[in-house]
Each structure stands twice: as structure tokens, then as C-alpha cells.
>>> print(open('final11.txt').read())   # compact mmCIF, C-alpha atoms
# COMPACT_ATOMS: atom_id res chain seq x y z
CA MET L 1 179.08 102.02 -268.96
CA PRO L 2 182.26 100.32 -270.22
CA ALA L 3 184.49 98.76 -267.62
CA LYS L 4 187.58 100.75 -266.65
CA VAL L 5 190.95 99.33 -267.64
CA THR L 6 193.67 99.62 -265.05
CA ALA L 7 197.22 100.70 -265.88
CA GLN L 8 198.48 97.22 -265.00
CA GLU L 9 195.98 95.57 -267.36
CA SER L 10 196.89 98.07 -270.07
CA ASN L 11 200.62 97.39 -269.68
CA LEU L 12 199.96 93.65 -269.74
CA SER L 13 197.92 93.90 -272.94
CA ILE L 14 200.64 96.00 -274.60
CA LYS L 15 203.29 93.49 -273.54
CA ASN L 16 201.22 90.56 -274.88
CA PHE L 17 200.66 92.43 -278.15
CA LYS L 18 204.41 93.02 -278.56
CA MET L 19 205.18 89.36 -277.79
CA LYS L 20 202.63 88.18 -280.37
CA ARG L 21 203.98 90.64 -282.92
CA GLY L 22 207.52 89.35 -282.31
CA ARG L 23 206.39 85.73 -282.78
CA ARG L 24 204.57 86.64 -285.99
CA ALA L 25 207.67 88.35 -287.34
CA ARG L 26 209.80 85.27 -286.64
CA VAL L 27 207.23 82.94 -288.25
CA LEU L 28 207.03 85.19 -291.31
CA PHE L 29 210.83 85.29 -291.51
CA PHE L 30 211.11 81.48 -291.51
CA VAL L 31 208.24 81.07 -294.01
CA LEU L 32 209.79 83.51 -296.48
CA SER L 33 213.27 81.98 -296.02
CA THR L 34 211.91 78.49 -296.70
CA TYR L 35 209.97 79.75 -299.74
CA VAL L 36 213.07 81.39 -301.28
CA PHE L 37 215.15 78.25 -300.66
CA LEU L 38 212.51 76.03 -302.30
CA GLN L 39 212.34 78.42 -305.23
CA LEU L 40 216.09 78.09 -305.68
CA ALA L 41 215.86 74.29 -305.63
CA TRP L 42 212.97 74.35 -308.11
CA TRP L 43 214.86 76.69 -310.45
CA ALA L 44 217.94 74.44 -310.46
CA ASN L 45 215.85 71.33 -311.03
CA LEU L 46 213.96 72.99 -313.91
CA LEU L 47 217.14 73.99 -315.75
CA ILE L 48 218.70 70.55 -315.36
CA SER L 49 215.49 68.79 -316.43
CA SER L 50 215.15 71.02 -319.50
CA ALA L 51 218.73 70.33 -320.59
CA THR L 52 218.26 66.59 -320.02
CA ASP L 53 215.01 66.51 -322.02
CA LEU L 54 216.65 68.38 -324.90
CA LEU L 55 219.55 65.92 -324.98
CA GLU L 56 217.17 62.92 -325.00
CA ALA L 57 215.03 64.47 -327.76
CA ARG L 58 218.01 64.97 -330.05
CA SER L 59 219.09 61.36 -329.50
CA VAL L 60 215.61 60.03 -330.32
CA LEU L 61 215.25 62.21 -333.44
CA GLY L 62 218.46 60.77 -334.88
CA ALA L 63 220.70 63.77 -334.68
CA SER L 64 224.21 63.46 -336.01
CA SER L 65 227.07 62.50 -333.73
CA ASP L 66 228.41 66.06 -333.86
CA GLN L 67 225.00 67.48 -332.85
CA ILE L 68 224.67 64.95 -330.06
CA LEU L 69 228.21 65.77 -328.88
CA GLN L 70 227.32 69.46 -328.94
CA ALA L 71 224.15 68.74 -326.99
CA VAL L 72 226.14 66.80 -324.39
CA ASN L 73 228.54 69.73 -324.06
CA ASP L 74 225.61 72.14 -323.67
CA TRP L 75 224.11 69.87 -321.05
CA GLU L 76 227.37 69.73 -319.12
CA LYS L 77 227.69 73.53 -319.30
CA THR L 78 224.17 73.86 -317.98
CA ILE L 79 224.98 71.55 -315.08
CA LEU L 80 228.13 73.55 -314.29
CA MET L 81 226.23 76.85 -314.54
CA VAL L 82 223.50 75.63 -312.21
CA ALA L 83 226.05 74.22 -309.78
CA GLY L 84 228.25 77.32 -309.83
CA GLU L 85 225.58 80.04 -309.78
CA GLY L 86 223.38 77.99 -307.48
CA SER L 87 226.21 77.48 -304.99
CA ILE L 88 227.07 81.20 -304.97
CA PHE L 89 223.43 82.16 -304.60
CA ALA L 90 222.91 79.59 -301.85
CA LEU L 91 226.01 80.87 -300.03
CA LEU L 92 224.90 84.50 -300.31
CA PHE L 93 221.39 83.49 -299.28
CA PHE L 94 222.76 81.65 -296.23
CA PHE L 95 224.93 84.59 -295.13
CA GLY L 96 222.10 87.04 -295.76
CA ILE L 97 219.62 85.00 -293.73
CA THR L 98 222.17 84.54 -290.93
CA TRP L 99 222.90 88.28 -290.81
CA ILE L 100 219.20 89.19 -290.80
CA TRP L 101 218.53 86.68 -288.03
CA ARG L 102 221.35 88.10 -285.92
CA VAL L 103 220.01 91.61 -286.43
CA ILE L 104 216.55 90.45 -285.32
CA ARG L 105 218.00 88.74 -282.23
CA ALA L 106 220.12 91.78 -281.36
CA ASP L 107 217.12 94.06 -281.78
CA ASN L 108 214.95 91.84 -279.59
CA TYR L 109 217.74 91.75 -276.97
CA ARG L 110 218.03 95.54 -277.07
CA LEU L 111 214.27 95.97 -276.75
CA ALA L 112 214.18 93.56 -273.81
CA ARG L 113 216.97 95.46 -272.03
CA GLU L 114 215.28 98.80 -272.68
CA ARG L 115 211.97 97.41 -271.39
CA ASN L 116 213.73 96.22 -268.23
CA PHE L 117 215.33 99.66 -267.92
CA ILE L 118 211.97 101.44 -268.22
CA LEU L 119 210.43 99.16 -265.60
CA ALA L 120 213.41 99.65 -263.28
CA VAL L 121 213.45 103.43 -263.74
CA THR L 122 209.70 103.61 -263.14
CA HIS L 123 210.15 101.70 -259.88
CA GLU L 124 213.22 103.67 -258.84
CA LEU L 125 211.49 107.02 -259.41
CA LYS L 126 208.12 106.07 -257.95
CA THR L 127 209.52 104.58 -254.72
CA PRO L 128 211.25 107.74 -253.38
CA ILE L 129 208.34 109.91 -254.55
CA ALA L 130 205.96 107.66 -252.61
CA SER L 131 208.14 107.84 -249.46
CA ILE L 132 208.34 111.65 -249.70
CA ARG L 133 204.58 111.95 -250.16
CA LEU L 134 203.91 109.55 -247.28
CA ALA L 135 206.22 111.48 -244.94
CA ILE L 136 204.63 114.84 -245.81
CA ASP L 137 201.08 113.44 -245.53
CA THR L 138 201.93 111.89 -242.15
CA ILE L 139 203.27 115.19 -240.84
CA ASN L 140 200.20 117.12 -242.02
CA ARG L 141 197.60 114.55 -241.01
CA LEU L 142 198.93 113.77 -237.55
CA LYS L 143 200.27 117.26 -236.88
CA LEU L 144 203.56 115.78 -235.78
CA LYS L 145 206.00 117.82 -233.75
CA GLY L 146 209.38 117.42 -232.19
CA GLU L 147 211.30 114.19 -232.71
CA GLU L 148 208.56 112.42 -234.68
CA ARG L 149 208.40 115.33 -237.11
CA GLU L 150 212.19 115.25 -237.53
CA ASP L 151 212.06 111.51 -238.24
CA MET L 152 209.48 112.01 -240.99
CA LEU L 153 211.49 114.88 -242.46
CA GLU L 154 214.54 112.62 -242.51
CA VAL L 155 212.53 110.01 -244.44
CA ALA L 156 211.52 112.69 -246.96
CA LYS L 157 215.12 113.89 -247.23
CA SER L 158 216.37 110.36 -247.84
CA GLY L 159 213.76 109.87 -250.56
CA THR L 160 214.77 113.16 -252.17
CA LEU L 161 218.45 112.18 -252.24
CA ARG L 162 217.63 108.79 -253.75
CA LEU L 163 215.46 110.42 -256.40
CA GLU L 164 218.21 112.92 -257.16
CA ARG L 165 220.79 110.14 -257.64
CA ARG L 166 218.57 108.22 -260.05
CA VAL L 167 217.78 111.32 -262.12
CA GLU L 168 221.50 112.17 -262.15
CA ASP L 169 222.32 108.70 -263.52
CA ILE L 170 219.85 109.15 -266.37
CA LEU L 171 221.10 112.66 -267.18
CA GLN L 172 224.75 111.61 -267.07
CA ALA L 173 224.05 108.67 -269.39
CA THR L 174 222.77 111.20 -271.92
CA ARG L 175 225.61 113.65 -271.27
CA LEU L 176 228.28 111.02 -272.01
CA ASN L 177 227.08 110.90 -275.61
CA LEU L 178 228.06 114.54 -276.18
CA PRO L 179 231.40 115.31 -277.90
CA ASP L 180 232.58 117.57 -275.05
CA ALA L 181 231.37 115.32 -272.23
CA LEU L 182 234.62 115.51 -270.24
CA VAL L 183 236.06 118.64 -268.63
CA ARG L 184 239.62 117.62 -267.73
CA CYS L 185 241.37 119.36 -264.85
CA PRO L 186 244.13 118.14 -262.48
CA PHE L 187 243.01 117.18 -258.96
CA ASN L 188 244.52 115.35 -256.02
CA ILE L 189 243.27 111.77 -256.28
CA ALA L 190 244.05 110.79 -252.67
CA GLU L 191 242.19 113.78 -251.20
CA PHE L 192 239.35 113.20 -253.67
CA ILE L 193 238.85 109.56 -252.60
CA GLU L 194 238.96 110.37 -248.88
CA GLU L 195 236.58 113.33 -249.17
CA GLU L 196 234.06 111.54 -251.39
CA VAL L 197 233.97 108.42 -249.21
CA SER L 198 233.52 110.63 -246.14
CA PHE L 199 230.66 112.46 -247.86
CA PHE L 200 229.09 109.16 -248.93
CA LYS L 201 229.24 107.87 -245.34
CA HIS L 202 227.62 111.09 -244.14
CA LEU L 203 224.69 110.52 -246.51
CA ASN L 204 224.57 106.81 -245.61
CA PRO L 205 225.43 106.65 -241.90
CA GLU L 206 224.44 102.98 -241.64
CA THR L 207 227.26 101.95 -243.97
CA SER L 208 230.73 100.83 -242.90
CA ILE L 209 233.55 101.78 -245.28
CA ASN L 210 237.30 101.64 -244.67
CA VAL L 211 239.70 103.71 -246.78
CA GLU L 212 243.36 102.87 -247.31
CA VAL L 213 245.72 105.05 -249.36
CA ASN L 214 249.18 103.75 -250.22
CA GLY L 215 251.90 105.72 -252.01
CA ASP L 216 252.45 109.37 -252.86
CA LYS L 217 249.40 111.32 -251.69
CA GLU L 218 250.42 114.39 -253.70
CA VAL L 219 249.84 112.75 -257.10
CA LEU L 220 247.39 114.60 -259.36
CA LEU L 221 244.91 112.96 -261.71
CA LEU L 222 243.99 114.69 -264.95
CA GLY L 223 240.29 114.13 -265.52
CA ASP L 224 236.71 115.23 -264.99
CA GLU L 225 236.25 115.36 -261.23
CA GLU L 226 232.43 115.38 -261.43
CA MET L 227 232.48 112.28 -263.60
CA TRP L 228 234.83 110.52 -261.18
CA LYS L 229 232.45 111.41 -258.34
CA LEU L 230 229.62 109.69 -260.21
CA CYS L 231 231.89 106.72 -260.91
CA LEU L 232 232.98 106.32 -257.26
CA THR L 233 229.45 106.82 -255.93
CA ASN L 234 228.04 104.12 -258.21
CA LEU L 235 230.80 101.69 -257.25
CA LEU L 236 230.20 102.32 -253.54
CA GLU L 237 226.43 101.98 -253.92
CA ASN L 238 226.90 98.72 -255.79
CA ALA L 239 229.22 97.37 -253.08
CA ILE L 240 226.87 98.40 -250.25
CA LYS L 241 223.83 97.02 -252.09
CA TYR L 242 225.22 93.48 -252.24
CA SER L 243 227.08 93.38 -248.93
CA PRO L 244 225.59 91.60 -245.91
CA GLU L 245 224.46 93.68 -242.96
CA LYS L 246 227.32 95.16 -240.91
CA ALA L 247 229.84 94.01 -243.54
CA VAL L 248 232.71 96.38 -244.23
CA VAL L 249 233.36 97.72 -247.72
CA GLU L 250 237.03 98.43 -248.37
CA VAL L 251 238.35 101.20 -250.62
CA VAL L 252 242.05 100.82 -251.40
CA LEU L 253 244.04 103.36 -253.44
CA ASP L 254 247.54 102.29 -254.50
CA ILE L 255 249.69 104.99 -256.11
CA ASN L 256 253.05 104.23 -257.69
CA PRO L 257 255.12 105.99 -260.37
CA LYS L 258 253.76 103.88 -263.23
CA GLN L 259 250.08 103.42 -262.45
CA THR L 260 247.37 104.18 -259.91
CA THR L 261 244.95 101.46 -258.82
CA LEU L 262 241.61 101.92 -257.08
CA SER L 263 239.97 98.79 -255.60
CA ILE L 264 236.41 98.66 -254.24
CA ILE L 265 236.09 95.45 -252.23
CA ASP L 266 232.83 93.96 -251.00
CA HIS L 267 232.00 90.68 -249.28
CA GLY L 268 228.68 89.90 -250.95
CA PRO L 269 227.67 87.02 -253.25
CA GLY L 270 230.20 87.97 -255.94
CA ILE L 271 229.79 87.84 -259.72
CA LYS L 272 230.27 84.76 -261.89
CA PRO L 273 233.25 84.98 -264.30
CA GLU L 274 231.00 84.61 -267.36
CA GLU L 275 228.89 87.60 -266.25
CA ARG L 276 231.69 90.02 -265.36
CA GLU L 277 231.77 91.64 -268.79
CA LEU L 278 227.98 91.69 -269.13
CA VAL L 279 227.38 93.76 -265.97
CA PHE L 280 228.91 96.79 -267.71
CA GLU L 281 226.32 96.74 -270.50
CA ALA L 282 223.53 99.31 -270.35
CA PHE L 283 220.30 98.04 -268.76
CA TYR L 284 221.84 94.64 -267.99
CA ARG L 285 220.54 93.07 -264.79
CA LEU L 286 221.71 89.84 -263.20
CA ASP L 287 219.12 87.26 -262.11
CA ARG L 288 219.94 88.10 -258.48
CA ASP L 289 218.99 91.76 -259.18
CA LYS L 290 215.27 91.15 -259.67
CA ASN L 291 214.47 92.05 -256.05
CA VAL L 292 217.21 94.67 -255.71
CA GLU L 293 216.74 98.34 -256.53
CA GLY L 294 218.59 99.71 -259.52
CA THR L 295 218.19 100.74 -263.15
CA GLY L 296 220.97 98.75 -264.80
CA LEU L 297 222.76 102.00 -265.67
CA GLY L 298 225.15 102.46 -262.74
CA LEU L 299 227.95 100.08 -263.74
CA HIS L 300 227.52 100.99 -267.40
CA LEU L 301 228.20 104.64 -266.51
CA VAL L 302 231.20 103.53 -264.46
CA TYR L 303 232.63 101.61 -267.41
CA ARG L 304 232.14 104.47 -269.88
CA ILE L 305 233.64 107.07 -267.53
CA VAL L 306 236.66 104.86 -266.86
CA ARG L 307 237.26 104.16 -270.55
CA MET L 308 236.84 107.82 -271.48
CA HIS L 309 239.71 108.58 -269.08
CA ASP L 310 241.94 105.99 -270.82
CA ALA L 311 241.73 103.73 -267.78
CA ASP L 312 240.73 100.07 -267.38
CA ILE L 313 238.26 98.38 -265.07
CA SER L 314 237.97 94.72 -264.20
CA ILE L 315 236.19 92.50 -261.67
CA LYS L 316 237.93 89.95 -259.49
CA SER L 317 236.77 87.57 -256.77
CA THR L 318 237.25 88.75 -253.20
CA SER L 319 239.06 86.36 -250.91
CA GLY L 320 236.39 84.76 -248.72
CA GLY L 321 233.57 85.70 -251.10
CA GLY L 322 232.47 88.87 -252.82
CA ALA L 323 233.53 91.03 -255.75
CA THR L 324 236.42 93.46 -256.16
CA PHE L 325 236.16 96.20 -258.79
CA VAL L 326 239.62 97.33 -259.87
CA VAL L 327 240.21 100.59 -261.77
CA VAL L 328 243.71 101.13 -263.18
CA TRP L 329 245.06 104.19 -265.00
CA PRO L 330 248.55 105.53 -265.75
CA THR L 331 249.95 107.85 -263.10
CA ASN L 332 250.19 111.38 -264.52
>>> encode(input="final11.txt", output="C-alpha cells")
Amino acid sequence: MPAKVTAQESNLSIKNFKMKRGRRARVLFFVLSTYVFLQLAWWANLLISSATDLLEARSVLGASSDQILQAVNDWEKTILMVAGEGSIFALLFFFGITWIWRVIRADNYRLARERNFILAVTHELKTPIASIRLAIDTINRLKLKGEEREDMLEVAKSGTLRLERRVEDILQATRLNLPDALVRCPFNIAEFIEEEVSFFKHLNPETSINVEVNGDKEVLLLGDEEMWKLCLTNLLENAIKYSPEKAVVEVVLDINPKQTTLSIIDHGPGIKPEERELVFEAFYRLDRDKNVEGTGLGLHLVYRIVRMHDADISIKSTSGGGATFVVVWPTN
């Protein structure tokens, strides 16, 4: 009977096959590029050699001075043709090879990010499912009652909410590609921030979040309220995820006649300046994220939602350590 192949071994073999295929493609690319370049050099050398041989033959055979002069002119024209056409061809060849190589690198980068995304999504979906199953199995197997049963049900509920958030991220990432993705309606931004943070704290009672609203609390924002909920939730989750235990996350809303600014301030490890633009790319994960849950979609969704509302988002360093995400949009 043939030995069974585990899923892990199967995934490893597929990954090794893809890596080998990628290396073969790069080797083939360089071999063909070198061959074409050598062919160009051989073609130029052949034309020049032929013209030189013809000039020498006419001189040896005693051609007239006019014929020799004509041969010299033909030889010079051949040299100029080879130099001109060869230079243009070499330039086009260089740009073509450079463009193809960049496309290959970009494609490999995209595939790597998508592979990381699939691995992250698989982990993020399997973990809450496993916790829900474990809680239900524990209740049934041990016939739990009272407080112990409530604790297990709370574990299952927490897993369900986590699973729901991850699925929502994936669905919203798809929805943002639709032409009518936004449903714009006016809503009170100050009330929205306070209510959503309160709801977030209710779902995550272990978190500590302070809210500060400055300015006119009656100002309305024209936008998609559901999208802004997703945006705020992802920013809060990101801040909580990287904050030390018992650290306070600060949410500051500043409203003035010209613009409204929302700042999400954490006191975690912060983000290096050279990586602050990269974190908004889909599937991008920092090196520090390898042991942290996430799909690499959250901040990308935040960025797209903010930009679709004609707003701007940036990342600054928090005084004393940490990162501050700042969203700015014109006050309506």
C-alpha cells in the first residue's frame, strides 16, 4: 500500500516545485538574453569583416583609384550602418530586457504576497473555528453547567466574532472593486467615533481606549458609514495588537472649519519611516508580524476607504514610542 502524503508534505512539495520553476524561468531568461546579445555582436562583426575583405580584395586585384575610393566609401557607410542600427537595436534590446525583468520581479513579488495572504487567511480562519469546535466539544463531553458552561460559550462567541471580522475583511476587499462601492450619506462624525469605540470596547473588554473630541460636535461627514466602521475597527485592532499589556490607546478627533483630523495613537514598537508606505499595500506583512495574527489586508482596506472618501492618511511616530495613524479630510 502506498504511503499516505500529509497536507503539510503536499504543500511543501508544491512550494518547492514553484521555487524550482521560478529559478528555471530566470535561468532561461538570462540564457536567451545572452544568446540574443551574442547574435547581435556576431552580426555586426560579420558585416564589418565582409566590407573589410571586399575592400582588401579590390586593392589586391588592382582596381582603379575611383573604384577603390568607392569601395572605401561603401566600407565607411557599412561601418556607420552597423554602428547606427546596432546602437538602436542594442538600446531597444536593453530597455526590452529591463522591462521584462521588472515585470518578472513584480510578478514574483505579487505571487509571494498572495502566498503570504493565503497562509495568513488559512491561519486566521482555522484558529477561531478550532476554538469554537473545542468549546462545543468540551461542553458536550464534560456536560458542563453553570459558570463553566458560560465560560466555554464565551470562548465560542469570541471565536465567532473573530471569524466574522476576518470574513468581513475579505468580502469588503472584493466589494471595494465595484463601481458603486460607496453609499454616501451625511452622519455625525463625533457621535460615530464615540459610539463605535464604545462598541469596540464592549466586544474587547480587556482593552483600554481613551476618546477625546475637540471642536464642533455637530459637524456632519458625507460618506459611507459602514465603510468608516470597517476603517475605524481595523485601525483600533492594529493599535491594540501592537500595544503592550495595559497600555492605553488614544483616539483623538479634532474638528475645525477647514479640516477634520482623526488620530489613532498607540505606544507599541512603532513603524520604521521606510516601511510606512509599504504597510498600506495588500498582503504586506512586516518582519515583526510573523508571530502576530492578521491577513495583511486590514491597513490596505483602511487606505483604500480613506482615499475613496478624498481623505489622506499618514503614519507618524508617537512621542515616547509607538505609531500614530492620522486621517485628515476636509470638513463638510
>>> residues_around(input="final11.txt", residues="region 148-160 of chain L", least_positions_apart="6", cutoff="7 Å", atoms="all atoms listed in the file", output="MDAnalysis selection string")
chainID L and resid 128:129 131:132 135 139
>>> residues_around(input="final11.txt", residues="Leu253 (chain L)", least_positions_apart="4", cutoff="6 Å", atoms="only C-alpha atoms", output="NGL selection string")
:L and (213 or 261-262)
>>> closest_residue(input="final11.txt", among="L:Ile255, L:Leu91, L:Leu301, L:Val326", to="Ile170 (chain L)", atoms="only C-alpha atoms")
L:Leu301
>>> atom_distance(input="final11.txt", atom1="CA of Arg276 (chain L)", atom2="CA of Thr260 (chain L)")
21.8 Å
>>> atom_distance(input="final11.txt", atom1="CA of Asp254 (chain L)", atom2="CA of Ile271 (chain L)")
23.5 Å
>>> atom_distance(input="final11.txt", atom1="CA of Leu176 (chain L)", atom2="CA of Val328 (chain L)")
20.3 Å
>>> residues_around(input="final11.txt", residues="Ser314 (chain L)", least_positions_apart="2", cutoff="10 Å", atoms="all atoms listed in the file", output="PyMOL selection string")
chain L and resi 263+276-277+280+303+312+316+324-328
>>> residues_around(input="final11.txt", residues="Val36 (chain L)", least_positions_apart="5", cutoff="9 Å", atoms="only C-alpha atoms", output="ChimeraX atom specification")
/L:31,41,93
>>> write_last_selection(input="final11.txt", atoms="C-alpha atoms", output="tab-separated table (two decimals), in the frame of the given file")
chain	number	residue	atom	x	y	z
L	31	VAL	CA	208.24	81.07	-294.01
L	41	ALA	CA	215.86	74.29	-305.63
L	93	PHE	CA	221.39	83.49	-299.28
>>> closest_atom_pairs(input="final11.txt", of="region 226-293 of chain L", to="region 193-206 of chain L", cutoff="9 Å", atoms="all atoms listed in the file", output="Markdown table")
| residue | atom | partner | partner_atom | distance |
| --- | --- | --- | --- | --- |
| L:Lys229 | CA | L:Glu196 | CA | 7.1 |
| L:Leu232 | CA | L:Glu196 | CA | 7.9 |
| L:Thr233 | CA | L:Phe200 | CA | 7.4 |
| L:Leu236 | CA | L:Phe200 | CA | 8.3 |
| L:Lys246 | CA | L:Glu206 | CA | 8.4 |
| L:Val251 | CA | L:Val197 | CA | 8.6 |
| L:Leu253 | CA | L:Ile193 | CA | 8.1 |
>>> closest_residue(input="final11.txt", among="L:Ile315, L:Ile264, L:Leu221, L:Leu163", to="Glu237 (chain L)", atoms="all atoms listed in the file")
L:Ile264
>>> axis_aligned_box(input="final11.txt", around="region 318-321 of chain L", padding_each_side="4 Å", output="JSON")
{"center_x": 236.3, "center_y": 86.8, "center_z": -251.0, "size_x": 13.5, "size_y": 12.0, "size_z": 12.5}
>>> closest_residue(input="final11.txt", among="L:Ala106, L:Pro273, L:Gly215, L:Gly322", to="Val248 (chain L)", atoms="all atoms listed in the file")
L:Gly322
>>> residues_around(input="final11.txt", residues="Glu245 (chain L)", least_positions_apart="6", cutoff="12 Å", atoms="only C-alpha atoms", output="list of chain:residue names")
L:Glu206, L:Thr207, L:Ser208, L:Ala239, L:Asp266, L:His267, L:Gly268
>>> write_last_selection(input="final11.txt", atoms="C-alpha atoms", output="CSV table (one decimal), keeping the file's coordinate frame")
chain,number,residue,atom,x,y,z
L,206,GLU,CA,224.4,103.0,-241.6
L,207,THR,CA,227.3,102.0,-244.0
L,208,SER,CA,230.7,100.8,-242.9
L,239,ALA,CA,229.2,97.4,-253.1
L,266,ASP,CA,232.8,94.0,-251.0
L,267,HIS,CA,232.0,90.7,-249.3
L,268,GLY,CA,228.7,89.9,-251.0
>>> closest_residue(input="final11.txt", among="L:Arg175, L:Lys143, L:His309, L:Arg165", to="Leu222 (chain L)", atoms="all atoms listed in the file")
L:His309
